[in-house]
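K.L.:
So here's query_1.cif, just mmCIF, C-alpha atoms, pLDDT in the B column; chains and numbers go by the auth columns:
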```cif
data_entry
loop_
_atom_site.group_PDB
_atom_site.id
_atom_site.type_symbol
_atom_site.label_atom_id
_atom_site.label_comp_id
_atom_site.label_asym_id
_atom_site.label_seq_id
_atom_site.Cartn_x
_atom_site.Cartn_y
_atom_site.Cartn_z
_atom_site.B_iso_or_equiv
_atom_site.auth_seq_id
_atom_site.auth_asym_id
ATOM 1 C CA MET A 1 -0.679 -21.376 -7.613 49.00 13 A
ATOM 2 C CA ALA A 2 0.793 -21.598 -4.152 64.00 14 A
ATOM 3 C CA GLU A 3 -1.126 -19.909 -1.378 78.00 15 A
ATOM 4 C CA GLU A 4 -0.093 -16.385 -0.444 89.00 16 A
ATOM 5 C CA HIS A 5 2.741 -16.307 2.105 93.00 17 A
ATOM 6 C CA LYS A 6 1.432 -15.226 5.509 96.00 18 A
ATOM 7 C CA LEU A 7 3.825 -12.854 7.230 97.00 19 A
ATOM 8 C CA MET A 8 3.293 -11.332 10.660 97.00 20 A
ATOM 9 C CA LEU A 9 5.408 -8.374 11.707 98.00 21 A
ATOM 10 C CA ILE A 10 5.458 -7.730 15.453 98.00 22 A
ATOM 11 C CA ILE A 11 6.499 -4.488 17.131 97.00 23 A
ATOM 12 C CA ARG A 12 7.609 -5.230 20.685 97.00 24 A
ATOM 13 C CA LYS A 13 9.855 -2.366 21.718 96.00 25 A
ATOM 14 C CA ALA A 14 9.140 1.138 22.944 96.00 26 A
ATOM 15 C CA PRO A 15 9.546 3.927 20.381 95.00 27 A
ATOM 16 C CA HIS A 16 12.144 6.734 20.169 94.00 28 A
ATOM 17 C CA GLY A 17 14.719 5.453 22.702 92.00 29 A
ATOM 18 C CA SER A 18 16.101 3.183 19.986 94.00 30 A
ATOM 19 C CA ILE A 19 15.710 2.859 16.234 95.00 31 A
ATOM 20 C CA TYR A 20 13.970 -0.530 16.294 96.00 32 A
ATOM 21 C CA VAL A 21 10.397 0.679 15.835 96.00 33 A
ATOM 22 C CA HIS A 22 11.386 3.251 13.222 95.00 34 A
ATOM 23 C CA GLU A 23 13.269 0.690 11.115 96.00 35 A
ATOM 24 C CA ALA A 24 10.534 -1.896 11.646 96.00 36 A
ATOM 25 C CA ILE A 25 8.069 0.533 10.065 95.00 37 A
ATOM 26 C CA GLU A 26 10.401 0.814 7.070 95.00 38 A
ATOM 27 C CA VAL A 27 10.261 -2.989 6.799 96.00 39 A
ATOM 28 C CA MET A 28 6.453 -2.817 6.983 95.00 40 A
ATOM 29 C CA PHE A 29 6.189 -0.536 3.988 94.00 41 A
ATOM 30 C CA ILE A 30 8.493 -2.700 1.853 95.00 42 A
ATOM 31 C CA MET A 31 6.728 -5.947 2.806 95.00 43 A
ATOM 32 C CA ALA A 32 3.411 -4.301 1.925 94.00 44 A
ATOM 33 C CA THR A 33 4.550 -3.970 -1.696 94.00 45 A
ATOM 34 C CA PHE A 34 5.159 -7.730 -1.978 94.00 46 A
ATOM 35 C CA ASP A 35 2.594 -10.362 -2.723 90.00 47 A
ATOM 36 C CA MET A 36 2.138 -11.531 0.857 93.00 48 A
ATOM 37 C CA LYS A 37 -0.634 -11.637 3.426 95.00 49 A
ATOM 38 C CA LEU A 38 0.850 -9.127 5.852 97.00 50 A
ATOM 39 C CA SER A 39 -0.391 -8.554 9.373 97.00 51 A
ATOM 40 C CA ILE A 40 1.016 -6.113 11.920 98.00 52 A
ATOM 41 C CA VAL A 41 0.863 -6.655 15.665 98.00 53 A
ATOM 42 C CA PHE A 42 1.752 -4.250 18.466 98.00 54 A
ATOM 43 C CA LEU A 43 2.793 -6.192 21.537 98.00 55 A
ATOM 44 C CA ASP A 44 4.523 -5.532 24.883 98.00 56 A
ATOM 45 C CA ASP A 45 6.194 -2.077 24.955 98.00 57 A
ATOM 46 C CA GLY A 46 5.448 -1.842 21.240 97.00 58 A
ATOM 47 C CA VAL A 47 1.942 -0.614 22.106 97.00 59 A
ATOM 48 C CA PHE A 48 3.494 2.716 23.164 97.00 60 A
ATOM 49 C CA ALA A 49 4.018 3.404 19.447 96.00 61 A
ATOM 50 C CA LEU A 50 0.224 3.735 19.185 96.00 62 A
ATOM 51 C CA LYS A 51 -0.180 6.485 21.796 95.00 63 A
ATOM 52 C CA PRO A 52 -1.603 9.615 20.169 94.00 64 A
ATOM 53 C CA GLY A 53 -0.009 13.056 20.329 92.00 65 A
ATOM 54 C CA GLN A 54 3.631 11.993 20.127 93.00 66 A
ATOM 55 C CA ASP A 55 5.931 14.892 19.357 93.00 67 A
ATOM 56 C CA THR A 56 9.589 14.049 18.741 93.00 68 A
ATOM 57 C CA SER A 57 10.643 17.545 17.629 92.00 69 A
ATOM 58 C CA GLU A 58 12.411 18.335 20.897 93.00 70 A
ATOM 59 C CA LEU A 59 14.262 15.023 20.686 92.00 71 A
ATOM 60 C CA GLY A 60 15.634 16.118 17.338 92.00 72 A
ATOM 61 C CA ILE A 61 14.481 12.898 15.677 91.00 73 A
ATOM 62 C CA LYS A 62 12.065 12.428 12.833 89.00 74 A
ATOM 63 C CA GLY A 63 9.375 10.316 14.491 89.00 75 A
ATOM 64 C CA PHE A 64 7.068 7.952 12.658 90.00 76 A
ATOM 65 C CA SER A 65 3.470 8.648 13.739 86.00 77 A
ATOM 66 C CA ALA A 66 2.676 10.057 10.283 88.00 78 A
ATOM 67 C CA SER A 67 3.958 6.851 8.627 91.00 79 A
ATOM 68 C CA LEU A 68 1.859 4.679 10.937 93.00 80 A
ATOM 69 C CA GLY A 69 -1.165 6.823 10.108 93.00 81 A
ATOM 70 C CA ALA A 70 -0.706 6.009 6.427 93.00 82 A
ATOM 71 C CA LEU A 71 -0.611 2.194 6.654 94.00 83 A
ATOM 72 C CA ALA A 72 -4.120 1.765 5.222 94.00 84 A
ATOM 73 C CA PHE A 73 -3.117 3.865 2.222 93.00 85 A
ATOM 74 C CA TRP A 74 -0.518 1.161 1.460 91.00 86 A
ATOM 75 C CA ASP A 75 -3.202 -1.522 1.768 91.00 87 A
ATOM 76 C CA VAL A 76 -1.975 -2.692 5.144 93.00 88 A
ATOM 77 C CA THR A 77 -5.275 -3.253 6.919 93.00 89 A
ATOM 78 C CA ASP A 78 -4.600 -6.244 9.153 96.00 90 A
ATOM 79 C CA VAL A 79 -3.375 -4.264 12.131 97.00 91 A
ATOM 80 C CA TYR A 80 -3.733 -5.632 15.656 98.00 92 A
ATOM 81 C CA VAL A 81 -2.829 -4.712 19.191 98.00 93 A
ATOM 82 C CA ASP A 82 -2.448 -7.034 22.155 98.00 94 A
ATOM 83 C CA GLU A 83 -5.168 -6.191 24.653 97.00 95 A
ATOM 84 C CA GLN A 84 -3.174 -7.400 27.659 97.00 96 A
ATOM 85 C CA SER A 85 -0.141 -5.258 26.738 98.00 97 A
ATOM 86 C CA LEU A 86 -2.409 -2.193 26.641 98.00 98 A
ATOM 87 C CA LYS A 87 -4.001 -3.115 29.974 97.00 99 A
ATOM 88 C CA ASP A 88 -0.597 -3.657 31.625 98.00 100 A
ATOM 89 C CA ARG A 89 0.391 -0.133 30.618 98.00 101 A
ATOM 90 C CA ASN A 90 -2.907 1.568 31.524 97.00 102 A
ATOM 91 C CA ILE A 91 -3.742 2.416 27.914 96.00 103 A
ATOM 92 C CA CYS A 92 -7.406 2.123 26.858 94.00 104 A
ATOM 93 C CA THR A 93 -8.218 0.281 23.635 92.00 105 A
ATOM 94 C CA ASP A 94 -9.776 3.485 22.246 90.00 106 A
ATOM 95 C CA GLU A 95 -6.710 5.542 23.194 93.00 107 A
ATOM 96 C CA VAL A 96 -4.661 4.492 20.157 96.00 108 A
ATOM 97 C CA ILE A 97 -3.905 6.246 16.869 95.00 109 A
ATOM 98 C CA SER A 98 -5.680 5.442 13.628 96.00 110 A
ATOM 99 C CA TYR A 99 -3.637 3.747 10.917 96.00 111 A
ATOM 100 C CA GLY A 100 -5.584 5.359 8.087 95.00 112 A
ATOM 101 C CA GLU A 101 -8.998 5.553 6.488 95.00 113 A
ATOM 102 C CA ASP A 102 -11.223 2.941 4.903 93.00 114 A
ATOM 103 C CA GLU A 103 -10.924 3.153 1.104 90.00 115 A
ATOM 104 C CA ASP A 104 -14.686 3.176 0.521 92.00 116 A
ATOM 105 C CA THR A 105 -16.220 4.786 3.582 95.00 117 A
ATOM 106 C CA ASP A 106 -13.383 7.164 4.607 93.00 118 A
ATOM 107 C CA GLU A 107 -13.994 5.914 8.125 96.00 119 A
ATOM 108 C CA LYS A 108 -10.933 5.992 10.392 96.00 120 A
ATOM 109 C CA LEU A 109 -9.400 2.575 10.998 96.00 121 A
ATOM 110 C CA PHE A 110 -7.965 1.522 14.357 97.00 122 A
ATOM 111 C CA PRO A 111 -5.877 -1.494 15.364 97.00 123 A
ATOM 112 C CA THR A 112 -8.069 -4.420 16.384 97.00 124 A
ATOM 113 C CA PRO A 113 -7.516 -5.477 20.005 97.00 125 A
ATOM 114 C CA LEU A 114 -6.754 -9.181 20.372 97.00 126 A
ATOM 115 C CA SER A 115 -6.705 -11.439 23.405 97.00 127 A
ATOM 116 C CA THR A 116 -3.561 -13.444 24.076 94.00 128 A
ATOM 117 C CA ASP A 117 -5.331 -16.603 22.900 97.00 129 A
ATOM 118 C CA GLU A 118 -6.476 -15.019 19.642 98.00 130 A
ATOM 119 C CA LEU A 119 -2.960 -13.727 19.043 97.00 131 A
ATOM 120 C CA LYS A 120 -1.488 -17.149 19.750 97.00 132 A
ATOM 121 C CA LYS A 121 -3.823 -18.765 17.206 97.00 133 A
ATOM 122 C CA MET A 122 -3.008 -16.140 14.618 97.00 134 A
ATOM 123 C CA MET A 123 0.737 -16.620 15.137 97.00 135 A
ATOM 124 C CA GLN A 124 0.432 -20.368 14.666 97.00 136 A
ATOM 125 C CA ASP A 125 -1.308 -19.745 11.366 96.00 137 A
ATOM 126 C CA GLN A 126 1.626 -17.724 9.904 96.00 138 A
ATOM 127 C CA ASP A 127 4.269 -18.911 7.480 95.00 139 A
ATOM 128 C CA SER A 128 6.788 -16.418 8.893 95.00 140 A
ATOM 129 C CA VAL A 129 6.965 -14.117 11.875 96.00 141 A
ATOM 130 C CA LEU A 130 9.267 -11.099 12.024 96.00 142 A
ATOM 131 C CA SER A 131 9.749 -9.497 15.394 94.00 143 A
ATOM 132 C CA PHE A 132 11.364 -6.160 16.151 94.00 144 A
ATOM 133 C CA MET B 1 14.564 -27.004 5.667 95.00 3 B
ATOM 134 C CA LYS B 2 15.174 -23.679 3.931 97.00 4 B
ATOM 135 C CA LEU B 3 16.118 -20.939 6.371 98.00 5 B
ATOM 136 C CA THR B 4 16.364 -17.160 6.209 98.00 6 B
ATOM 137 C CA ILE B 5 18.632 -15.700 8.886 98.00 7 B
ATOM 138 C CA LEU B 6 18.080 -12.145 10.080 98.00 8 B
ATOM 139 C CA VAL B 7 20.881 -10.454 12.077 98.00 9 B
ATOM 140 C CA LEU B 8 19.843 -7.286 13.878 98.00 10 B
ATOM 141 C CA GLU B 9 22.696 -6.456 16.244 98.00 11 B
ATOM 142 C CA GLY B 10 26.243 -5.193 15.845 97.00 12 B
ATOM 143 C CA PRO B 11 29.412 -7.264 16.286 98.00 13 B
ATOM 144 C CA TYR B 12 31.172 -7.645 19.676 98.00 14 B
ATOM 145 C CA ASN B 13 28.607 -5.390 21.344 96.00 15 B
ATOM 146 C CA HIS B 14 26.047 -8.166 21.306 97.00 16 B
ATOM 147 C CA GLN B 15 25.841 -11.961 21.272 97.00 17 B
ATOM 148 C CA SER B 16 23.421 -11.942 18.338 98.00 18 B
ATOM 149 C CA PRO B 17 25.951 -12.128 15.429 98.00 19 B
ATOM 150 C CA ASP B 18 27.918 -14.901 17.211 98.00 20 B
ATOM 151 C CA SER B 19 24.747 -16.908 17.828 98.00 21 B
ATOM 152 C CA ALA B 20 23.647 -16.404 14.232 98.00 22 B
ATOM 153 C CA TYR B 21 27.013 -17.633 12.941 98.00 23 B
ATOM 154 C CA GLN B 22 27.027 -20.685 15.215 98.00 24 B
ATOM 155 C CA PHE B 23 23.416 -21.466 14.336 98.00 25 B
ATOM 156 C CA ILE B 24 24.220 -21.327 10.605 98.00 26 B
ATOM 157 C CA GLN B 25 27.213 -23.668 11.063 98.00 27 B
ATOM 158 C CA SER B 26 25.038 -26.202 12.901 98.00 28 B
ATOM 159 C CA ALA B 27 22.154 -25.871 10.458 98.00 29 B
ATOM 160 C CA LEU B 28 24.472 -26.514 7.498 98.00 30 B
ATOM 161 C CA LYS B 29 25.987 -29.531 9.251 97.00 31 B
ATOM 162 C CA LYS B 30 22.494 -30.936 9.727 98.00 32 B
ATOM 163 C CA GLY B 31 21.791 -30.552 6.023 98.00 33 B
ATOM 164 C CA HIS B 32 19.565 -27.499 6.108 98.00 34 B
ATOM 165 C CA GLU B 33 19.740 -24.898 3.394 98.00 35 B
ATOM 166 C CA ILE B 34 20.408 -21.213 4.115 98.00 36 B
ATOM 167 C CA THR B 35 18.402 -19.140 1.635 97.00 37 B
ATOM 168 C CA GLY B 36 20.285 -16.064 2.775 98.00 38 B
ATOM 169 C CA VAL B 37 21.498 -13.978 5.681 98.00 39 B
ATOM 170 C CA PHE B 38 20.054 -10.488 5.902 98.00 40 B
ATOM 171 C CA PHE B 39 21.723 -7.781 8.008 98.00 41 B
ATOM 172 C CA TYR B 40 19.510 -5.016 9.380 98.00 42 B
ATOM 173 C CA ASN B 41 19.537 -2.427 12.197 98.00 43 B
ATOM 174 C CA ASP B 42 23.057 -2.326 13.738 98.00 44 B
ATOM 175 C CA GLY B 43 23.580 -5.775 12.218 98.00 45 B
ATOM 176 C CA VAL B 44 24.906 -4.010 9.112 98.00 46 B
ATOM 177 C CA ASN B 45 28.123 -3.264 11.048 98.00 47 B
ATOM 178 C CA ASN B 46 29.025 -6.956 10.856 98.00 48 B
ATOM 179 C CA LEU B 47 30.224 -6.655 7.289 98.00 49 B
ATOM 180 C CA THR B 48 32.711 -3.811 7.324 98.00 50 B
ATOM 181 C CA SER B 49 36.218 -4.600 6.079 98.00 51 B
ATOM 182 C CA LEU B 50 37.583 -1.907 8.417 97.00 52 B
ATOM 183 C CA MET B 51 37.048 -4.240 11.353 97.00 53 B
ATOM 184 C CA GLU B 52 40.297 -5.061 13.124 97.00 54 B
ATOM 185 C CA PRO B 53 39.757 -6.870 16.425 97.00 55 B
ATOM 186 C CA PRO B 54 42.615 -7.893 18.769 97.00 56 B
ATOM 187 C CA GLN B 55 44.441 -10.955 17.405 96.00 57 B
ATOM 188 C CA ASP B 56 43.452 -13.234 20.249 97.00 58 B
ATOM 189 C CA ASP B 57 39.761 -12.611 19.584 97.00 59 B
ATOM 190 C CA ARG B 58 37.475 -14.005 16.881 98.00 60 B
ATOM 191 C CA HIS B 59 37.279 -11.917 13.706 98.00 61 B
ATOM 192 C CA ILE B 60 33.567 -11.545 13.112 98.00 62 B
ATOM 193 C CA ALA B 61 33.752 -9.906 9.670 98.00 63 B
ATOM 194 C CA LYS B 62 36.248 -12.587 8.494 98.00 64 B
ATOM 195 C CA ARG B 63 33.885 -15.287 9.658 98.00 65 B
ATOM 196 C CA TRP B 64 31.078 -13.831 7.549 98.00 66 B
ATOM 197 C CA GLU B 65 33.455 -13.471 4.611 98.00 67 B
ATOM 198 C CA GLU B 66 34.338 -17.183 4.845 98.00 68 B
ATOM 199 C CA LEU B 67 30.684 -18.098 5.033 98.00 69 B
ATOM 200 C CA GLY B 68 30.038 -15.976 1.951 98.00 70 B
ATOM 201 C CA ALA B 69 32.801 -17.899 0.169 98.00 71 B
ATOM 202 C CA GLN B 70 30.711 -21.048 0.697 96.00 72 B
ATOM 203 C CA ASN B 71 28.027 -19.475 -1.481 95.00 73 B
ATOM 204 C CA ILE B 72 25.872 -18.291 1.395 97.00 74 B
ATOM 205 C CA ASP B 73 24.094 -15.145 0.219 98.00 75 B
ATOM 206 C CA LEU B 74 24.999 -12.306 2.621 98.00 76 B
ATOM 207 C CA VAL B 75 22.855 -9.215 2.084 98.00 77 B
ATOM 208 C CA VAL B 76 23.111 -5.863 3.881 98.00 78 B
ATOM 209 C CA CYS B 77 20.150 -3.501 3.833 98.00 79 B
ATOM 210 C CA ILE B 78 21.127 -0.416 1.870 98.00 80 B
ATOM 211 C CA ALA B 79 19.036 2.054 3.895 97.00 81 B
ATOM 212 C CA ALA B 80 20.225 0.736 7.260 98.00 82 B
ATOM 213 C CA GLY B 81 23.794 0.556 5.907 98.00 83 B
ATOM 214 C CA LYS B 82 23.817 4.106 4.576 98.00 84 B
ATOM 215 C CA ARG B 83 22.605 5.424 7.935 97.00 85 B
ATOM 216 C CA ARG B 84 25.576 3.776 9.583 98.00 86 B
ATOM 217 C CA GLY B 85 28.243 4.654 7.030 97.00 87 B
ATOM 218 C CA LEU B 86 28.488 1.353 5.180 97.00 88 B
ATOM 219 C CA ASN B 87 29.038 1.354 1.418 97.00 89 B
ATOM 220 C CA ASP B 88 30.544 -0.879 -1.280 97.00 90 B
ATOM 221 C CA ASP B 89 34.039 0.582 -0.696 98.00 91 B
ATOM 222 C CA ILE B 90 34.278 -0.898 2.782 98.00 92 B
ATOM 223 C CA LEU B 91 32.014 -3.919 2.394 98.00 93 B
ATOM 224 C CA ILE B 92 33.746 -7.289 2.962 98.00 94 B
ATOM 225 C CA PRO B 93 34.163 -9.586 -0.062 98.00 95 B
ATOM 226 C CA ASN B 94 31.455 -12.224 -0.724 98.00 96 B
ATOM 227 C CA ALA B 95 28.648 -9.968 0.508 98.00 97 B
ATOM 228 C CA ARG B 96 26.350 -7.516 -1.231 98.00 98 B
ATOM 229 C CA ILE B 97 24.332 -4.410 -0.453 98.00 99 B
ATOM 230 C CA SER B 98 20.703 -4.461 -1.524 98.00 100 B
ATOM 231 C CA GLY B 99 17.206 -3.435 -0.484 97.00 101 B
ATOM 232 C CA LEU B 100 14.670 -4.759 1.982 97.00 102 B
ATOM 233 C CA GLY B 101 12.933 -6.337 -0.999 97.00 103 B
ATOM 234 C CA GLN B 102 15.668 -8.983 -0.844 97.00 104 B
ATOM 235 C CA LEU B 103 14.525 -9.871 2.656 97.00 105 B
ATOM 236 C CA ALA B 104 10.963 -10.210 1.367 96.00 106 B
ATOM 237 C CA SER B 105 11.958 -12.598 -1.424 94.00 107 B
ATOM 238 C CA MET B 106 14.227 -14.596 0.911 97.00 108 B
ATOM 239 C CA ILE B 107 11.290 -15.014 3.291 96.00 109 B
ATOM 240 C CA GLN B 108 9.008 -16.118 0.461 94.00 110 B
ATOM 241 C CA LYS B 109 11.525 -18.784 -0.542 95.00 111 B
ATOM 242 C CA SER B 110 12.129 -20.103 2.982 95.00 112 B
ATOM 243 C CA ASP B 111 10.334 -22.450 5.338 94.00 113 B
ATOM 244 C CA ARG B 112 11.427 -20.458 8.384 94.00 114 B
ATOM 245 C CA ILE B 113 12.959 -17.134 9.279 96.00 115 B
ATOM 246 C CA VAL B 114 15.252 -17.133 12.295 97.00 116 B
ATOM 247 C CA THR B 115 15.925 -13.746 13.878 97.00 117 B
ATOM 248 C CA PHE B 116 18.998 -12.953 15.968 98.00 118 B
ATOM 249 C CA GLY B 117 18.291 -9.712 17.756 96.00 119 B
ATOM 250 C CA ASP B 118 18.097 -8.158 21.177 90.00 120 B
#
```
Give the structure from the file, written as structure tokens.
P.N.:
Amino acid sequence: MAEEHKLMLIIRKAPHGSIYVHEAIEVMFIMATFDMKLSIVFLDDGVFALKPGQDTSELGIKGFSASLGALAFWDVTDVYVDEQSLKDRNICTDEVISYGEDEDTDEKLFPTPLSTDELKKMMQDQDSVLSF
Amino acid sequence: MKLTILVLEGPYNHQSPDSAYQFIQSALKKGHEITGVFFYNDGVNNLTSLMEPPQDDRHIAKRWEELGAQNIDLVVCIAAGKRRGLNDDILIPNARISGLGQLASMIQKSDRIVTFGD
């Protein structure tokens, strides 16, 4: 059997001001149901999607923090964040939302910070890269 | 090479659909195979038959329709389309509305995915 297709989905844009992040999360959930090795990366302004305490009620839009918090439930557990993008925006690596709980231990899972070099290597290893 | 094309921006407002179209023409000329073209985000607006640009301008929807006539699979995301008022009644000929799952299977069948977005 052919090896599992490796797909990386990258979030690069800031949330709420446009629909890109919201619709990218919809793509995430569909891709997760397919037989692929899916990894998610938050990069550039995309790291703002991981800031805790986002409340879109006064914007009159639905928001997506709850969906992001349920990624692990859909077996999406390869979730990464670019360390440099966080640093550039004065966000600490422990100042990001959890994407769900570990199936066995119930421990909260957080995106793994990656250096630019690690990210580069991981990208080269993919069969496809989708960027929003 | 087998290619999936992803179009994320609306017609006329953005270069992305023009670049995607020109890229596909060149890729076909070079003997590559287009597994399919998937329209997402505002890209869904490319395939409305209500489009009526000035006569001295390119007709973007017509161009897609002609490409579809060459057996290129043109797929609009149903969720993104519904949000933006696209349905089968106003969809151009030679295209179809389907789910994001189509994008997943296109990707699985392709060597590369080429995204035309912002």
K.L.:
Please compute the CA of Asn47 in chain B-CA of Gly101 in chain B distance, one decimal, in Å.
P.N.:
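Separating CA of Asn47 in chain B from CA of Gly101 in chain B is a distance of 15.9 Å.
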K.L.:
Do you have the CA of Lys99 in chain A-CA of Asp118 in chain A distance handy?
P.N.:
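Between CA of Lys99 in chain A and CA of Asp118 in chain A the gap is 28.9 Å.
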K.L.:
If we count only C-alpha atoms and set the cut-off at 12 Å, which residues sit around range 15-28 of chain B, ignoring sequence neighbours fewer than 3 positions away in its own chain? Please answer as a ChimeraX atom specification.
P.N.:
/B:4-12,31-49,60-70,72,74,76,115-120
K.L.:
Between CA of Ala44 in chain A and CA of Thr89 in chain A, what distance in Å does the model show, to one decimal?
P.N.:
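A separation of 10.1 Å between them.
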K.L.:
Show me, as a PDB file with C-alpha atoms, in the frame of the given file, the residues of chain A whose atoms get within 12 Å of chain B, using all atoms listed in the file for the distance check.
P.N.:
```
ATOM      1  CA  ALA A  14       0.793 -21.598  -4.152  1.00 64.00           C
ATOM      2  CA  GLU A  15      -1.126 -19.909  -1.378  1.00 78.00           C
ATOM      3  CA  GLU A  16      -0.093 -16.385  -0.444  1.00 89.00           C
ATOM      4  CA  HIS A  17       2.741 -16.307   2.105  1.00 93.00           C
ATOM      5  CA  LYS A  18       1.432 -15.226   5.509  1.00 96.00           C
ATOM      6  CA  LEU A  19       3.825 -12.854   7.230  1.00 97.00           C
ATOM      7  CA  MET A  20       3.293 -11.332  10.660  1.00 97.00           C
ATOM      8  CA  LEU A  21       5.408  -8.374  11.707  1.00 98.00           C
ATOM      9  CA  ARG A  24       7.609  -5.230  20.685  1.00 97.00           C
ATOM     10  CA  LYS A  25       9.855  -2.366  21.718  1.00 96.00           C
ATOM     11  CA  SER A  30      16.101   3.183  19.986  1.00 94.00           C
ATOM     12  CA  ILE A  31      15.710   2.859  16.234  1.00 95.00           C
ATOM     13  CA  TYR A  32      13.970  -0.530  16.294  1.00 96.00           C
ATOM     14  CA  VAL A  33      10.397   0.679  15.835  1.00 96.00           C
ATOM     15  CA  HIS A  34      11.386   3.251  13.222  1.00 95.00           C
ATOM     16  CA  GLU A  35      13.269   0.690  11.115  1.00 96.00           C
ATOM     17  CA  ALA A  36      10.534  -1.896  11.646  1.00 96.00           C
ATOM     18  CA  ILE A  37       8.069   0.533  10.065  1.00 95.00           C
ATOM     19  CA  GLU A  38      10.401   0.814   7.070  1.00 95.00           C
ATOM     20  CA  VAL A  39      10.261  -2.989   6.799  1.00 96.00           C
ATOM     21  CA  MET A  40       6.453  -2.817   6.983  1.00 95.00           C
ATOM     22  CA  PHE A  41       6.189  -0.536   3.988  1.00 94.00           C
ATOM     23  CA  ILE A  42       8.493  -2.700   1.853  1.00 95.00           C
ATOM     24  CA  MET A  43       6.728  -5.947   2.806  1.00 95.00           C
ATOM     25  CA  ALA A  44       3.411  -4.301   1.925  1.00 94.00           C
ATOM     26  CA  THR A  45       4.550  -3.970  -1.696  1.00 94.00           C
ATOM     27  CA  PHE A  46       5.159  -7.730  -1.978  1.00 94.00           C
ATOM     28  CA  ASP A  47       2.594 -10.362  -2.723  1.00 90.00           C
ATOM     29  CA  MET A  48       2.138 -11.531   0.857  1.00 93.00           C
ATOM     30  CA  LYS A  49      -0.634 -11.637   3.426  1.00 95.00           C
ATOM     31  CA  LEU A  50       0.850  -9.127   5.852  1.00 97.00           C
ATOM     32  CA  GLN A 138       1.626 -17.724   9.904  1.00 96.00           C
ATOM     33  CA  ASP A 139       4.269 -18.911   7.480  1.00 95.00           C
ATOM     34  CA  SER A 140       6.788 -16.418   8.893  1.00 95.00           C
ATOM     35  CA  VAL A 141       6.965 -14.117  11.875  1.00 96.00           C
ATOM     36  CA  LEU A 142       9.267 -11.099  12.024  1.00 96.00           C
ATOM     37  CA  SER A 143       9.749  -9.497  15.394  1.00 94.00           C
ATOM     38  CA  PHE A 144      11.364  -6.160  16.151  1.00 94.00           C
TER      39      PHE A 144
END
```
K.L.:
At a cut-off of 8 Å, using only C-alpha atoms, what residues contact Pro125 in chain A? Leave out same-chain residues fewer than 4 positions from it and give the result as an MDAnalysis selection string.
P.N.:
chainID A and resid 92:95 105
K.L.:
Using all atoms listed in the file, can you tell me which of A:Ala84, A:Thr68, A:Ala78, A:Val59 comes closest to Glu119 in chain A?
P.N.:
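The shortest atom-to-atom distance to Glu119 in chain A comes from A:Ala84.
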K.L.:
Contacts of Ile22 in chain A at 6 Å or less, counting only C-alpha atoms, minus same-chain residues fewer than 5 places along, as a PyMOL selection string?
P.N.:
chain A and resi 52-54+143
K.L.:
Carefully work through the PyMOL selection byres ((chain A and resi 120) around 12) for this structure and note down the residues it includes, as a list in words.
P.N.:
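Given this file, the PyMOL selection byres ((chain A and resi 120) around 12) evaluates to Gly81, Ala82, Leu83, Ala84, Phe85, Thr89, Val108, Ile109, Ser110, Tyr111, Gly112, Glu113, Asp114, Glu115, Asp116, Thr117, Asp118, Glu119, Leu121, Phe122 and Pro123 of chain A.
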K.L.:
Would you kindly translate the PyMOL selection byres ((chain A and resi 56) around 6) into the concrete residues it picks from this file, as JSON, numbers by chain?
P.N.:
{"A": [24, 55, 57, 58, 97]}
K.L.:
Please list as a PyMOL selection string every residue within 10 Å of range 69-72 of chain A, counting all atoms listed in the file and excluding residues in the same chain fewer than 2 positions away.
P.N.:
chain A and resi 28-29+66-67+74-75
K.L.:
When the PyMOL selection byres ((chain B and resi 95) around 9) is applied to the file above, which residues end up in the set, as a list of chain:residue names?
P.N.:
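So the PyMOL selection byres ((chain B and resi 95) around 9) ends up selecting B:Leu49, B:Ser51, B:Glu67, B:Gly70, B:Ala71, B:Leu93, B:Ile94, B:Asn96, B:Ala97, B:Arg98.
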K.L.:
Please, could you write that set of residues out with C-alpha atoms as an mmCIF file, keeping the file's coordinate frame?
P.N.:
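Result written to out.cif:
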```cif
data_model
loop_
_atom_site.group_PDB
_atom_site.id
_atom_site.type_symbol
_atom_site.label_atom_id
_atom_site.label_comp_id
_atom_site.auth_asym_id
_atom_site.auth_seq_id
_atom_site.Cartn_x
_atom_site.Cartn_y
_atom_site.Cartn_z
ATOM 1 C CA LEU B 49 30.224 -6.655 7.289
ATOM 2 C CA SER B 51 36.218 -4.600 6.079
ATOM 3 C CA GLU B 67 33.455 -13.471 4.611
ATOM 4 C CA GLY B 70 30.038 -15.976 1.951
ATOM 5 C CA ALA B 71 32.801 -17.899 0.169
ATOM 6 C CA LEU B 93 32.014 -3.919 2.394
ATOM 7 C CA ILE B 94 33.746 -7.289 2.962
ATOM 8 C CA ASN B 96 31.455 -12.224 -0.724
ATOM 9 C CA ALA B 97 28.648 -9.968 0.508
ATOM 10 C CA ARG B 98 26.350 -7.516 -1.231
#
```
